[in-house]
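Asks: A single structure is presented below for examination.
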Amino acid sequence: MITFAVVGHNEATLLATAIRQAIEAASPGDRVWFVDSASTDDSAAIARSLGAEVVGAPLGKGRAMMTALERCRRGHMCFLDGDIEQSSSNIAVALREATEREDPDMVVGDFDWPGKRFAGAVDGMYRPLVEDLFPDALHVAPRAPFSGFRVLRSGVEAGPLPWRWGAETYLNLHLAASGKHVTTVDLGVYAGPDRLKTTELGWEVAGVILDLAERHGRLDPAMRPSWEGWVREAMAVLSTQPDVGEPPRDYPERLAEVARRPRPSAQ
């Protein structure tokens, strides 16, 4: 049994694509939910009109995901972001097939996003820190580690997720470090809204990584201030990412330099 959980906040203009993909992927006995993260638009009404059950949830991606996980008592939970603009495949079907083929604890959908201008928080924060502290998780969706398209086995020990955008980072690292069976499936080409949230996302991702590194014994707490100093220097660059529609100027070069900066010792 798979419960398809489309997660969104005020996604009325784009929601139909994700709901329809989930309904197409569902088999008899499966469920299709719209996990409504405190929307103030017509998202809930649209989801109901398309045949999805609406599950109310607090504001915040991680909180919405936790609400869904707590209601899913058996089978698997397939998460889908609610803001799909275009995709070269039915994402829900691809995730279902990977789950049935490999029966892992988590499947993460990886994809190409040709229209995405920058991946500042990925290239400048996530990859450098994960390379040093969680190299065993680098294989998880290497192109799109913040992918909101993933399947979790019901009952897998995930712990409380960060309340906003750090949820995917947490799941990637915690499950890999805990020895769970995590696999990646190629979804092809995807496009969604190119929103500027580098500053908040970068800080949250860094905090999640350092917290988990301490928890899993990969970072000596005495060394954390040195790592936080590196994070502040990196964020000074990431916070200058041009807004959507602005020229890139020298930002790509400065972003690449961030990833090359030496990191402190973990022990």
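Following the order of the structure tokens, chains are lettered A, B, ..., residues in each are numbered from 1, and ligands are numbered from 1.
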Out of segment 47-209 of chain A, which residues get strand (DSSP E or B) from DSSP, as a VMD selection string?
Replies: chain A and resid 53 to 57 76 to 81 86 to 87 106 to 112 150 to 153 182 to 191
Asks: I need the chosen residues saved as a PDB file, in the first residue's frame, with C-alpha atoms.
Replies:
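Full text of part-v2.pdb as output:
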ATOM      1  CA  GLU A  53      -8.323  13.769   0.530  1.00  0.00           C
ATOM      2  CA  VAL A  54      -7.220  16.992   2.240  1.00  0.00           C
ATOM      3  CA  VAL A  55      -5.083  16.644   5.364  1.00  0.00           C
ATOM      4  CA  GLY A  56      -4.593  19.869   7.279  1.00  0.00           C
ATOM      5  CA  ALA A  57      -1.080  20.580   8.543  1.00  0.00           C
ATOM      6  CA  HIS A  76       4.884   3.415   2.206  1.00  0.00           C
ATOM      7  CA  MET A  77       4.430   7.166   2.029  1.00  0.00           C
ATOM      8  CA  CYS A  78       5.238   8.842  -1.295  1.00  0.00           C
ATOM      9  CA  PHE A  79       5.872  12.573  -0.979  1.00  0.00           C
ATOM     10  CA  LEU A  80       5.328  14.862  -3.955  1.00  0.00           C
ATOM     11  CA  ASP A  81       5.921  18.597  -4.069  1.00  0.00           C
ATOM     12  CA  GLN A  86       6.641  20.338 -16.004  1.00  0.00           C
ATOM     13  CA  SER A  87       8.143  16.864 -15.798  1.00  0.00           C
ATOM     14  CA  MET A 106      13.705   5.443   1.285  1.00  0.00           C
ATOM     15  CA  VAL A 107      13.638   6.250  -2.419  1.00  0.00           C
ATOM     16  CA  VAL A 108      14.681   9.749  -3.504  1.00  0.00           C
ATOM     17  CA  GLY A 109      13.837  11.131  -6.921  1.00  0.00           C
ATOM     18  CA  ASP A 110      16.740  12.829  -8.678  1.00  0.00           C
ATOM     19  CA  PHE A 111      16.299  15.063 -11.725  1.00  0.00           C
ATOM     20  CA  ASP A 112      17.740  17.635 -14.092  1.00  0.00           C
ATOM     21  CA  ARG A 150      10.655  10.639  -2.168  1.00  0.00           C
ATOM     22  CA  VAL A 151       9.167   7.514  -0.644  1.00  0.00           C
ATOM     23  CA  LEU A 152       9.551   6.445   2.989  1.00  0.00           C
ATOM     24  CA  ARG A 153       8.702   3.093   4.472  1.00  0.00           C
ATOM     25  CA  VAL A 182      18.396   4.368   0.608  1.00  0.00           C
ATOM     26  CA  THR A 183      18.236   4.447  -3.168  1.00  0.00           C
ATOM     27  CA  THR A 184      17.904   7.088  -5.881  1.00  0.00           C
ATOM     28  CA  VAL A 185      15.719   6.970  -8.986  1.00  0.00           C
ATOM     29  CA  ASP A 186      16.171   9.174 -12.055  1.00  0.00           C
ATOM     30  CA  LEU A 187      13.028  11.205 -12.785  1.00  0.00           C
ATOM     31  CA  GLY A 188      14.348  12.821 -15.951  1.00  0.00           C
ATOM     32  CA  VAL A 189      13.687  16.530 -16.428  1.00  0.00           C
ATOM     33  CA  TYR A 190      11.703  18.649 -13.975  1.00  0.00           C
ATOM     34  CA  ALA A 191      10.742  22.301 -13.746  1.00  0.00           C
TER      35      ALA A 191
END
Asks: Within 8 Å of segment 196-212 of chain A, counting only C-alpha atoms, which residues show up once you throw out same-chain ones fewer than 2 positions away? Write them as a ChimeraX atom specification, please.
Replies: /A:120-121,125-126,129-130,162,165-166,169-170,173-174,194,214-216,219,224,231,235,238-239,241,243-244
Asks: Quote the spacing between atom CA of Phe34 of chain A and atom CA of Ala47 of chain A in Å to one decimal place.
Replies: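 Between these atoms lies a distance of 6.3 Å.
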Asks: Residues near Asn10 of chain A, anyone? I mean within 10 Å using only C-alpha atoms, not counting same-chain ones fewer than 4 positions away, as a PyMOL selection string.
Replies: chain A and resi 14-15+36-44+82-83
Asks: What gap, in Å, lies between atom CA of Trp33 of chain A and atom CA of Ala5 of chain A?
Replies: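 Result for atom CA of Trp33 of chain A versus atom CA of Ala5 of chain A: 4.8 Å, one decimal.
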Asks: So which one's closest to Thr67 of chain A, A:Pro264, A:Pro160, A:Pro252, A:Gly217? Using only C-alpha atoms, please.
Replies: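 Smallest separation from Thr67 of chain A among the options: A:Pro160.
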Asks: Using Å and a single decimal, report how far atom CA of Ile84 of chain A sits from atom CA of Glu24 of chain A.
Replies: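 Atom CA of Ile84 of chain A lies 15.1 Å from atom CA of Glu24 of chain A.
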Asks: If you count only C-alpha atoms, which residues fall within 6 Å of Ala92 of chain A, apart from same-chain ones fewer than 6 positions away, as an mmCIF file with N, CA and C atoms, in the first residue's frame?
Replies:
data_model
loop_
_atom_site.group_PDB
_atom_site.id
_atom_site.type_symbol
_atom_site.label_atom_id
_atom_site.label_comp_id
_atom_site.auth_asym_id
_atom_site.auth_seq_id
_atom_site.Cartn_x
_atom_site.Cartn_y
_atom_site.Cartn_z
ATOM 1 N N GLN A 21 -0.900 13.304 -11.230
ATOM 2 C CA GLN A 21 0.137 12.279 -11.325
ATOM 3 C C GLN A 21 -0.044 11.235 -10.226
ATOM 4 N N ALA A 22 -0.359 11.695 -9.004
ATOM 5 C CA ALA A 22 -0.556 10.766 -7.897
ATOM 6 C C ALA A 22 -1.752 9.851 -8.152
ATOM 7 N N ALA A 25 -0.914 7.204 -10.579
ATOM 8 C CA ALA A 25 0.011 6.193 -10.045
ATOM 9 C C ALA A 25 -0.650 5.270 -9.030
#
Asks: Kindly indicate which residue among A:Val140, A:Arg263, A:Gly124, A:Arg195 lies nearest to Val237 of chain A, using only C-alpha atoms for the distances.
Replies: A:Gly124
Asks: Check the smallest atom-to-atom distance from each of A:Leu138, A:Val156, A:Met65, A:Ala266 to Ala222 of chain A using only C-alpha atoms, then report the winner.
Replies: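 Counting only C-alpha atoms, the residue closest to Ala222 of chain A is A:Ala266.
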